[in-house]
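Data block for protein_10.pdb (PDB, C-alpha atoms and all ligand atoms):
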ATOM      1  CA  MET U   1      78.566 134.529 111.200  1.00  0.00           C
ATOM      2  CA  PHE U   2      78.523 130.781 111.842  1.00  0.00           C
ATOM      3  CA  TYR U   3      74.872 130.650 110.708  1.00  0.00           C
ATOM      4  CA  ALA U   4      75.747 132.390 107.443  1.00  0.00           C
ATOM      5  CA  PHE U   5      78.545 129.888 106.908  1.00  0.00           C
ATOM      6  CA  LYS U   6      76.195 126.992 107.541  1.00  0.00           C
ATOM      7  CA  ARG U   7      73.642 128.428 105.121  1.00  0.00           C
ATOM      8  CA  SER U   8      76.203 128.785 102.371  1.00  0.00           C
ATOM      9  CA  PHE U   9      77.436 125.263 103.104  1.00  0.00           C
ATOM     10  CA  PHE U  10      73.936 123.839 102.745  1.00  0.00           C
ATOM     11  CA  ASN U  11      73.421 125.808  99.585  1.00  0.00           C
ATOM     12  CA  LEU U  12      76.339 124.000  98.043  1.00  0.00           C
ATOM     13  CA  ILE U  13      74.736 120.644  98.731  1.00  0.00           C
ATOM     14  CA  TYR U  14      71.051 121.357  98.324  1.00  0.00           C
ATOM     15  CA  PRO U  15      69.253 123.549  95.835  1.00  0.00           C
ATOM     16  CA  ALA U  16      68.285 126.701  97.710  1.00  0.00           C
ATOM     17  CA  SER U  17      65.664 127.484  95.109  1.00  0.00           C
ATOM     18  CA  CYS U  18      62.597 125.695  93.768  1.00  0.00           C
ATOM     19  CA  LEU U  19      63.437 123.472  90.787  1.00  0.00           C
ATOM     20  CA  HIS U  20      60.253 124.584  89.048  1.00  0.00           C
ATOM     21  CA  CYS U  21      59.767 128.306  89.672  1.00  0.00           C
ATOM     22  CA  GLY U  22      63.148 129.278  91.104  1.00  0.00           C
ATOM     23  CA  ASP U  23      61.725 130.849  94.280  1.00  0.00           C
ATOM     24  CA  PRO U  24      63.957 130.518  97.342  1.00  0.00           C
ATOM     25  CA  ILE U  25      63.323 127.533  99.621  1.00  0.00           C
ATOM     26  CA  GLU U  26      63.838 127.577 103.383  1.00  0.00           C
ATOM     27  CA  GLN U  27      64.146 123.856 104.088  1.00  0.00           C
ATOM     28  CA  PRO U  28      67.432 122.404 102.871  1.00  0.00           C
ATOM     29  CA  ASP U  29      66.124 118.993 101.759  1.00  0.00           C
ATOM     30  CA  VAL U  30      63.179 119.778  99.483  1.00  0.00           C
ATOM     31  CA  TYR U  31      63.181 120.509  95.769  1.00  0.00           C
ATOM     32  CA  LEU U  32      59.973 122.479  95.308  1.00  0.00           C
ATOM     33  CA  CYS U  33      58.601 125.546  97.095  1.00  0.00           C
ATOM     34  CA  ASP U  34      55.281 125.228  98.968  1.00  0.00           C
ATOM     35  CA  PRO U  35      53.034 126.671  96.199  1.00  0.00           C
ATOM     36  CA  CYS U  36      54.607 124.347  93.600  1.00  0.00           C
ATOM     37  CA  THR U  37      54.296 121.361  95.952  1.00  0.00           C
ATOM     38  CA  HIS U  38      50.566 122.101  96.301  1.00  0.00           C
ATOM     39  CA  LEU U  39      50.216 121.828  92.513  1.00  0.00           C
ATOM     40  CA  LEU U  40      51.206 118.130  92.652  1.00  0.00           C
ATOM     41  CA  GLU U  41      47.807 116.467  92.716  1.00  0.00           C
ATOM     42  CA  LEU U  42      47.073 112.802  92.165  1.00  0.00           C
ATOM     43  CA  LEU U  43      45.099 112.109  88.999  1.00  0.00           C
ATOM     44  CA  GLU U  44      41.603 110.712  89.492  1.00  0.00           C
ATOM     45  CA  ALA U  45      40.952 107.376  87.815  1.00  0.00           C
ATOM     46  CA  GLU U  46      37.252 108.078  87.405  1.00  0.00           C
ATOM     47  CA  GLY U  47      36.276 108.830  83.809  1.00  0.00           C
ATOM     48  CA  ARG U  48      39.578 107.443  82.511  1.00  0.00           C
ATOM     49  CA  CYS U  49      40.207 104.370  80.384  1.00  0.00           C
ATOM     50  CA  VAL U  50      41.536 101.440  82.454  1.00  0.00           C
ATOM     51  CA  GLN U  51      43.971 100.443  79.700  1.00  0.00           C
ATOM     52  CA  CYS U  52      45.541 103.726  78.597  1.00  0.00           C
ATOM     53  CA  PHE U  53      44.334 106.160  81.317  1.00  0.00           C
ATOM     54  CA  ALA U  54      43.036 108.608  78.691  1.00  0.00           C
ATOM     55  CA  ALA U  55      40.394 110.980  79.984  1.00  0.00           C
ATOM     56  CA  GLY U  56      37.153 111.277  78.038  1.00  0.00           C
ATOM     57  CA  ASP U  57      36.024 109.483  74.849  1.00  0.00           C
ATOM     58  CA  LEU U  58      34.904 106.511  76.922  1.00  0.00           C
ATOM     59  CA  VAL U  59      32.622 104.178  74.997  1.00  0.00           C
ATOM     60  CA  SER U  60      31.842 102.047  78.055  1.00  0.00           C
ATOM     61  CA  ALA U  61      32.262 102.454  81.807  1.00  0.00           C
ATOM     62  CA  THR U  62      35.880 101.385  81.560  1.00  0.00           C
ATOM     63  CA  HIS U  63      37.269 101.726  78.039  1.00  0.00           C
ATOM     64  CA  CYS U  64      38.085 104.489  75.576  1.00  0.00           C
ATOM     65  CA  VAL U  65      37.249 104.250  71.910  1.00  0.00           C
ATOM     66  CA  HIS U  66      40.810 103.101  71.086  1.00  0.00           C
ATOM     67  CA  CYS U  67      41.093 100.399  73.744  1.00  0.00           C
ATOM     68  CA  ALA U  68      37.543  99.010  73.522  1.00  0.00           C
ATOM     69  CA  TYR U  69      38.473  96.473  70.835  1.00  0.00           C
ATOM     70  CA  ARG U  70      42.078  95.888  71.815  1.00  0.00           C
ATOM     71  CA  THR U  71      43.117  92.531  73.128  1.00  0.00           C
ATOM     72  CA  CYS U  72      45.493  94.091  75.578  1.00  0.00           C
ATOM     73  CA  PRO U  73      46.572  92.433  78.787  1.00  0.00           C
ATOM     74  CA  VAL U  74      47.631  95.608  80.649  1.00  0.00           C
ATOM     75  CA  LYS U  75      45.854  97.921  83.081  1.00  0.00           C
ATOM     76  CA  ALA U  76      47.628 101.286  83.100  1.00  0.00           C
ATOM     77  CA  ALA U  77      47.523 104.407  85.253  1.00  0.00           C
ATOM     78  CA  ALA U  78      49.630 107.445  86.089  1.00  0.00           C
ATOM     79  CA  ALA U  79      50.051 109.413  89.306  1.00  0.00           C
ATOM     80  CA  LEU U  80      50.309 113.000  88.025  1.00  0.00           C
ATOM     81  CA  ALA U  81      49.595 115.070  84.923  1.00  0.00           C
ATOM     82  CA  TYR U  82      52.661 115.882  82.833  1.00  0.00           C
ATOM     83  CA  LEU U  83      52.371 119.596  83.560  1.00  0.00           C
ATOM     84  CA  GLY U  84      53.967 122.240  85.757  1.00  0.00           C
ATOM     85  CA  PRO U  85      56.133 121.120  88.678  1.00  0.00           C
ATOM     86  CA  ALA U  86      55.471 117.386  88.060  1.00  0.00           C
ATOM     87  CA  ALA U  87      56.820 117.682  84.506  1.00  0.00           C
ATOM     88  CA  THR U  88      59.802 119.668  85.793  1.00  0.00           C
ATOM     89  CA  LEU U  89      60.682 116.986  88.351  1.00  0.00           C
ATOM     90  CA  VAL U  90      60.484 114.215  85.749  1.00  0.00           C
ATOM     91  CA  ARG U  91      62.552 116.188  83.230  1.00  0.00           C
ATOM     92  CA  GLN U  92      65.148 117.038  85.887  1.00  0.00           C
ATOM     93  CA  MET U  93      65.370 113.382  86.902  1.00  0.00           C
ATOM     94  CA  LYS U  94      65.738 112.329  83.271  1.00  0.00           C
ATOM     95  CA  TYR U  95      67.790 115.030  81.589  1.00  0.00           C
ATOM     96  CA  GLY U  96      69.097 117.174  84.459  1.00  0.00           C
ATOM     97  CA  GLN U  97      71.410 114.566  86.001  1.00  0.00           C
ATOM     98  CA  LYS U  98      69.317 114.440  89.189  1.00  0.00           C
ATOM     99  CA  PRO U  99      68.689 110.710  89.666  1.00  0.00           C
ATOM    100  CA  TYR U 100      67.994 111.285  93.392  1.00  0.00           C
ATOM    101  CA  LEU U 101      64.604 112.772  92.439  1.00  0.00           C
ATOM    102  CA  ALA U 102      63.413 109.209  91.717  1.00  0.00           C
ATOM    103  CA  LYS U 103      62.873 108.609  95.430  1.00  0.00           C
ATOM    104  CA  GLY U 104      60.273 111.359  95.830  1.00  0.00           C
ATOM    105  CA  LEU U 105      58.613 110.549  92.512  1.00  0.00           C
ATOM    106  CA  ALA U 106      58.325 106.858  93.421  1.00  0.00           C
ATOM    107  CA  ALA U 107      56.309 107.947  96.468  1.00  0.00           C
ATOM    108  CA  PHE U 108      53.626 109.216  94.072  1.00  0.00           C
ATOM    109  CA  LEU U 109      53.557 105.825  92.349  1.00  0.00           C
ATOM    110  CA  LEU U 110      53.008 104.268  95.747  1.00  0.00           C
ATOM    111  CA  VAL U 111      50.130 106.533  96.821  1.00  0.00           C
ATOM    112  CA  GLN U 112      48.392 106.112  93.461  1.00  0.00           C
ATOM    113  CA  LEU U 113      48.790 102.323  93.692  1.00  0.00           C
ATOM    114  CA  VAL U 114      47.140 102.383  97.128  1.00  0.00           C
ATOM    115  CA  LYS U 115      44.411 104.795  96.003  1.00  0.00           C
ATOM    116  CA  LEU U 116      43.536 102.624  92.987  1.00  0.00           C
ATOM    117  CA  GLU U 117      43.473  99.561  95.272  1.00  0.00           C
ATOM    118  CA  TRP U 118      45.688  97.628  92.890  1.00  0.00           C
ATOM    119  CA  PRO U 119      47.086  94.369  94.285  1.00  0.00           C
ATOM    120  CA  LEU U 120      50.638  94.394  95.589  1.00  0.00           C
ATOM    121  CA  PRO U 121      52.858  93.190  92.726  1.00  0.00           C
ATOM    122  CA  ASP U 122      54.926  90.021  92.966  1.00  0.00           C
ATOM    123  CA  LEU U 123      57.489  91.624  90.663  1.00  0.00           C
ATOM    124  CA  ILE U 124      58.240  95.213  89.687  1.00  0.00           C
ATOM    125  CA  ILE U 125      59.603  95.622  86.167  1.00  0.00           C
ATOM    126  CA  PRO U 126      61.129  98.817  84.758  1.00  0.00           C
ATOM    127  CA  VAL U 127      60.632  99.713  81.100  1.00  0.00           C
ATOM    128  CA  PRO U 128      64.128  99.228  79.685  1.00  0.00           C
ATOM    129  CA  GLN U 129      65.893 102.123  78.071  1.00  0.00           C
ATOM    130  CA  SER U 130      67.701 102.285  74.768  1.00  0.00           C
ATOM    131  CA  PHE U 131      71.459 101.866  74.930  1.00  0.00           C
ATOM    132  CA  SER U 132      72.101 105.390  73.579  1.00  0.00           C
ATOM    133  CA  HIS U 133      69.941 106.966  76.307  1.00  0.00           C
ATOM    134  CA  TRP U 134      71.759 104.941  78.913  1.00  0.00           C
ATOM    135  CA  LEU U 135      75.093 106.121  77.503  1.00  0.00           C
ATOM    136  CA  ASP U 136      73.894 109.745  77.648  1.00  0.00           C
ATOM    137  CA  ARG U 137      72.767 109.591  81.276  1.00  0.00           C
ATOM    138  CA  GLY U 138      74.527 106.658  82.852  1.00  0.00           C
ATOM    139  CA  TYR U 139      71.242 105.519  84.428  1.00  0.00           C
ATOM    140  CA  ASN U 140      67.756 104.418  83.461  1.00  0.00           C
ATOM    141  CA  GLN U 141      65.208 106.617  85.249  1.00  0.00           C
ATOM    142  CA  SER U 142      62.528 103.890  85.050  1.00  0.00           C
ATOM    143  CA  ARG U 143      64.862 101.469  86.788  1.00  0.00           C
ATOM    144  CA  LEU U 144      65.553 104.036  89.526  1.00  0.00           C
ATOM    145  CA  LEU U 145      61.791 104.427  90.044  1.00  0.00           C
ATOM    146  CA  ALA U 146      61.345 100.637  90.120  1.00  0.00           C
ATOM    147  CA  GLU U 147      64.185 100.283  92.647  1.00  0.00           C
ATOM    148  CA  GLN U 148      62.695 102.913  94.949  1.00  0.00           C
ATOM    149  CA  LEU U 149      59.203 101.454  94.704  1.00  0.00           C
ATOM    150  CA  SER U 150      60.619  98.002  95.331  1.00  0.00           C
ATOM    151  CA  ALA U 151      62.276  99.271  98.525  1.00  0.00           C
ATOM    152  CA  VAL U 152      59.105 100.857  99.965  1.00  0.00           C
ATOM    153  CA  LEU U 153      56.777  98.005  98.936  1.00  0.00           C
ATOM    154  CA  ASN U 154      59.280  95.341  99.950  1.00  0.00           C
ATOM    155  CA  ARG U 155      58.667  93.561  96.632  1.00  0.00           C
ATOM    156  CA  PRO U 156      61.459  92.507  94.261  1.00  0.00           C
ATOM    157  CA  PHE U 157      62.198  94.199  90.971  1.00  0.00           C
ATOM    158  CA  THR U 158      63.703  92.459  87.983  1.00  0.00           C
ATOM    159  CA  ASP U 159      65.380  93.388  84.694  1.00  0.00           C
ATOM    160  CA  VAL U 160      63.757  90.421  82.950  1.00  0.00           C
ATOM    161  CA  LEU U 161      62.424  92.757  80.250  1.00  0.00           C
ATOM    162  CA  ARG U 162      65.220  93.837  77.882  1.00  0.00           C
ATOM    163  CA  ARG U 163      65.553  96.094  74.894  1.00  0.00           C
ATOM    164  CA  GLN U 164      67.198  94.921  71.683  1.00  0.00           C
ATOM    165  CA  SER U 165      70.691  96.366  71.543  1.00  0.00           C
ATOM    166  CA  GLY U 166      70.043  97.179  67.878  1.00  0.00           C
ATOM    167  CA  ASP U 167      67.666  99.865  69.139  1.00  0.00           C
ATOM    168  CA  TYR U 168      70.520 102.196  70.043  1.00  0.00           C
ATOM    169  CA  SER U 169      70.971 103.630  66.601  1.00  0.00           C
ATOM    170  CA  GLN U 170      68.183 103.895  64.082  1.00  0.00           C
ATOM    171  CA  ALA U 171      69.911 106.537  61.974  1.00  0.00           C
ATOM    172  CA  GLY U 172      70.265 105.528  58.355  1.00  0.00           C
ATOM    173  CA  LEU U 173      67.509 102.897  58.517  1.00  0.00           C
ATOM    174  CA  SER U 174      64.587 102.919  56.123  1.00  0.00           C
ATOM    175  CA  HIS U 175      61.069 103.522  57.408  1.00  0.00           C
ATOM    176  CA  GLU U 176      60.273  99.793  57.076  1.00  0.00           C
ATOM    177  CA  GLN U 177      63.447  98.776  58.901  1.00  0.00           C
ATOM    178  CA  ARG U 178      62.661 101.170  61.739  1.00  0.00           C
ATOM    179  CA  HIS U 179      59.137  99.860  61.965  1.00  0.00           C
ATOM    180  CA  ARG U 180      60.366  96.262  62.128  1.00  0.00           C
ATOM    181  CA  LEU U 181      62.886  97.157  64.837  1.00  0.00           C
ATOM    182  CA  ASN U 182      60.305  99.109  66.822  1.00  0.00           C
ATOM    183  CA  SER U 183      57.693  96.404  66.662  1.00  0.00           C
ATOM    184  CA  ASN U 184      60.164  93.866  67.962  1.00  0.00           C
ATOM    185  CA  ARG U 185      62.418  95.819  70.278  1.00  0.00           C
ATOM    186  CA  PHE U 186      61.656  94.247  73.675  1.00  0.00           C
ATOM    187  CA  TYR U 187      62.361  90.680  74.729  1.00  0.00           C
ATOM    188  CA  LEU U 188      62.468  88.541  77.890  1.00  0.00           C
ATOM    189  CA  ASN U 189      65.697  87.052  79.144  1.00  0.00           C
ATOM    190  CA  ASP U 190      63.986  84.642  81.562  1.00  0.00           C
ATOM    191  CA  PRO U 191      60.246  84.193  80.861  1.00  0.00           C
ATOM    192  CA  GLU U 192      59.789  81.488  83.560  1.00  0.00           C
ATOM    193  CA  VAL U 193      60.131  83.965  86.453  1.00  0.00           C
ATOM    194  CA  LEU U 194      56.914  85.673  85.318  1.00  0.00           C
ATOM    195  CA  HIS U 195      54.710  82.590  85.450  1.00  0.00           C
ATOM    196  CA  ASP U 196      51.485  83.199  87.390  1.00  0.00           C
ATOM    197  CA  LYS U 197      52.878  86.436  88.899  1.00  0.00           C
ATOM    198  CA  THR U 198      51.193  89.813  89.289  1.00  0.00           C
ATOM    199  CA  LEU U 199      53.486  92.257  87.482  1.00  0.00           C
ATOM    200  CA  LEU U 200      53.852  95.993  87.822  1.00  0.00           C
ATOM    201  CA  LEU U 201      55.559  97.707  84.919  1.00  0.00           C
ATOM    202  CA  VAL U 202      57.078 101.096  85.820  1.00  0.00           C
ATOM    203  CA  ASP U 203      58.003 104.055  83.616  1.00  0.00           C
ATOM    204  CA  ASP U 204      58.357 107.825  83.949  1.00  0.00           C
ATOM    205  CA  VAL U 205      55.872 109.178  81.384  1.00  0.00           C
ATOM    206  CA  MET U 206      52.997 107.633  79.469  1.00  0.00           C
ATOM    207  CA  THR U 207      51.672 109.370  76.361  1.00  0.00           C
ATOM    208  CA  THR U 208      49.349 107.054  74.426  1.00  0.00           C
ATOM    209  CA  GLY U 209      50.436 104.010  76.400  1.00  0.00           C
ATOM    210  CA  ALA U 210      51.858 102.371  73.258  1.00  0.00           C
ATOM    211  CA  THR U 211      55.222 101.533  74.883  1.00  0.00           C
ATOM    212  CA  LEU U 212      53.505 100.011  77.918  1.00  0.00           C
ATOM    213  CA  ARG U 213      51.248  97.910  75.659  1.00  0.00           C
ATOM    214  CA  GLN U 214      54.260  96.769  73.681  1.00  0.00           C
ATOM    215  CA  CYS U 215      56.079  95.789  76.880  1.00  0.00           C
ATOM    216  CA  ALA U 216      52.967  94.061  78.246  1.00  0.00           C
ATOM    217  CA  GLY U 217      52.611  92.106  75.022  1.00  0.00           C
ATOM    218  CA  VAL U 218      56.146  90.786  75.512  1.00  0.00           C
ATOM    219  CA  LEU U 219      55.642  90.110  79.245  1.00  0.00           C
ATOM    220  CA  ALA U 220      52.508  88.108  78.389  1.00  0.00           C
ATOM    221  CA  HIS U 221      54.781  85.455  76.829  1.00  0.00           C
ATOM    222  CA  GLY U 222      55.865  84.588  80.373  1.00  0.00           C
ATOM    223  CA  ALA U 223      52.220  83.732  81.287  1.00  0.00           C
ATOM    224  CA  PRO U 224      51.838  86.113  84.243  1.00  0.00           C
ATOM    225  CA  ARG U 225      48.576  86.240  86.214  1.00  0.00           C
ATOM    226  CA  ASP U 226      48.064  90.006  85.678  1.00  0.00           C
ATOM    227  CA  ILE U 227      49.976  92.939  84.224  1.00  0.00           C
ATOM    228  CA  TYR U 228      49.614  96.427  85.665  1.00  0.00           C
ATOM    229  CA  ALA U 229      51.565  99.480  84.540  1.00  0.00           C
ATOM    230  CA  MET U 230      52.108 102.748  86.406  1.00  0.00           C
ATOM    231  CA  THR U 231      53.929 105.873  85.311  1.00  0.00           C
ATOM    232  CA  VAL U 232      54.738 109.020  87.260  1.00  0.00           C
ATOM    233  CA  CYS U 233      53.093 111.253  84.651  1.00  0.00           C
ATOM    234  CA  LYS U 234      50.431 111.078  81.966  1.00  0.00           C
ATOM    235  CA  ALA U 235      51.071 113.412  79.036  1.00  0.00           C
TER     236      ALA U 235
HETATM  237 ZN    ZN A 301      58.171 126.804  93.094  1.00  0.00          ZN
HETATM  238 ZN    ZN A 302      42.186 103.550  76.307  1.00  0.00          ZN
END
Spit out the file's structure as structure tokens when you get a sec.
Amino acid sequence: MFYAFKRSFFNLIYPASCLHCGDPIEQPDVYLCDPCTHLLELLEAEGRCVQCFAAGDLVSATHCVHCAYRTCPVKAAAALAYLGPAATLVRQMKYGQKPYLAKGLAAFLLVQLVKLEWPLPDLIIPVPQSFSHWLDRGYNQSRLLAEQLSAVLNRPFTDVLRRQSGDYSQAGLSHEQRHRLNSNRFYLNDPEVLHDKTLLLVDDVMTTGATLRQCAGVLAHGAPRDIYAMTVCKA
């Protein structure tokens, strides 16, 4: 009787079923069942472009056909493929009002960072979110990831990278106006703090890496030593 009460009590607080497949879960403090957890595998860096983490189409040992001629200051990688349970966790963190998932997802950033033997960053920098997205959710998932990573690495994070407030509504703008806004939508509020620092830019999902490159291009104005970028998933 008391056990049944306790179970129902826990079920109110914790999801009693897997967030991905819906199967029941025994442990009260996990979000995926065992089979779904086993599907979370770290992506291998081998055979991927060092700048955009695309697999295949490499024209040299390190670069894809798109990045080979880019003057791009960022090295980018992701921890997981944007598929299955990994994609579910990211979507739930972002759209499902489950910001607490950032803690577990940041752990994947950490293990990938260690596996890739990247240097420990001097500063961790979240990709800023548009104002409208922040209004929708009340939090920036990239900032939550940066905060969690900052706590486990014992390295500071900073909101030095900002997004133009004009980015919150692009409705009614012409194609050219949108393009101008997009190409100029990030800025630094204090470039000096970046000088000679190793930076780690953090975001939830990378597709082509265009946003990370754009952010890195802006961060470069602060004359950092190196810019790395890591996302939870690679689409
Ligand atoms: Zn499952
Ligand atoms: Zn590339």
Chain U residues near ligand ZN 302 (chain A) within 10 Å, closest pair each, using all atoms listed in the file, as a Markdown table:
| residue | atom | partner | partner_atom | distance |
| --- | --- | --- | --- | --- |
| U:Arg48 | CA | A:ZN302 | ZN | 7.8 |
| U:Cys49 | CA | A:ZN302 | ZN | 4.6 |
| U:Val50 | CA | A:ZN302 | ZN | 6.5 |
| U:Gln51 | CA | A:ZN302 | ZN | 4.9 |
| U:Cys52 | CA | A:ZN302 | ZN | 4.1 |
| U:Phe53 | CA | A:ZN302 | ZN | 6.0 |
| U:Ala54 | CA | A:ZN302 | ZN | 5.7 |
| U:Ala55 | CA | A:ZN302 | ZN | 8.5 |
| U:Gly56 | CA | A:ZN302 | ZN | 9.4 |
| U:Asp57 | CA | A:ZN302 | ZN | 8.7 |
| U:Leu58 | CA | A:ZN302 | ZN | 7.9 |
| U:Val59 | CA | A:ZN302 | ZN | 9.7 |
| U:Thr62 | CA | A:ZN302 | ZN | 8.5 |
| U:His63 | CA | A:ZN302 | ZN | 5.5 |
| U:Cys64 | CA | A:ZN302 | ZN | 4.3 |
| U:Val65 | CA | A:ZN302 | ZN | 6.6 |
| U:His66 | CA | A:ZN302 | ZN | 5.4 |
| U:Cys67 | CA | A:ZN302 | ZN | 4.2 |
| U:Ala68 | CA | A:ZN302 | ZN | 7.1 |
| U:Tyr69 | CA | A:ZN302 | ZN | 9.7 |
| U:Arg70 | CA | A:ZN302 | ZN | 8.9 |
| U:Lys75 | CA | A:ZN302 | ZN | 9.5 |
| U:Ala76 | CA | A:ZN302 | ZN | 9.0 |
| U:Thr208 | CA | A:ZN302 | ZN | 8.2 |
| U:Gly209 | CA | A:ZN302 | ZN | 8.3 |
In Å, how far is it from atom CA of U:Tyr100 to atom CA of U:Ile124?
-> 19.2 Å
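Considering the residues U:Cys33, U:Ala216, U:Ala16, U:Leu43 and counting only C-alpha atoms and all ligand atoms, ligand ZN 301 (chain A) has its shortest atom-to-atom contact with U:Cys33.
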Run the PyMOL selection byres (((not hetatm)) within 7 of (chain A and resi 301)) against the file shown and list the residues it catches, as number ranges by chain.
-> U: 18-23, 32-36
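This file, filtered with the PyMOL selection byres (((chain U and resi 83) around 10) and not hetatm), gives the residues Leu39, Leu40, Leu80, Ala81, Tyr82, Gly84, Pro85, Ala86, Ala87, Thr88, Leu89, Val90, Cys233, Lys234 and Ala235 of chain U.
With atom CA of U:Thr37 on one side and atom CA of U:Arg143 on the other, the separation reads 24.3 Å.
Distances from U:Thr158, U:Gln112, U:Tyr95, U:Leu120 to U:Asp136 were compared using all atoms listed in the file, and the smallest one belongs to U:Tyr95.
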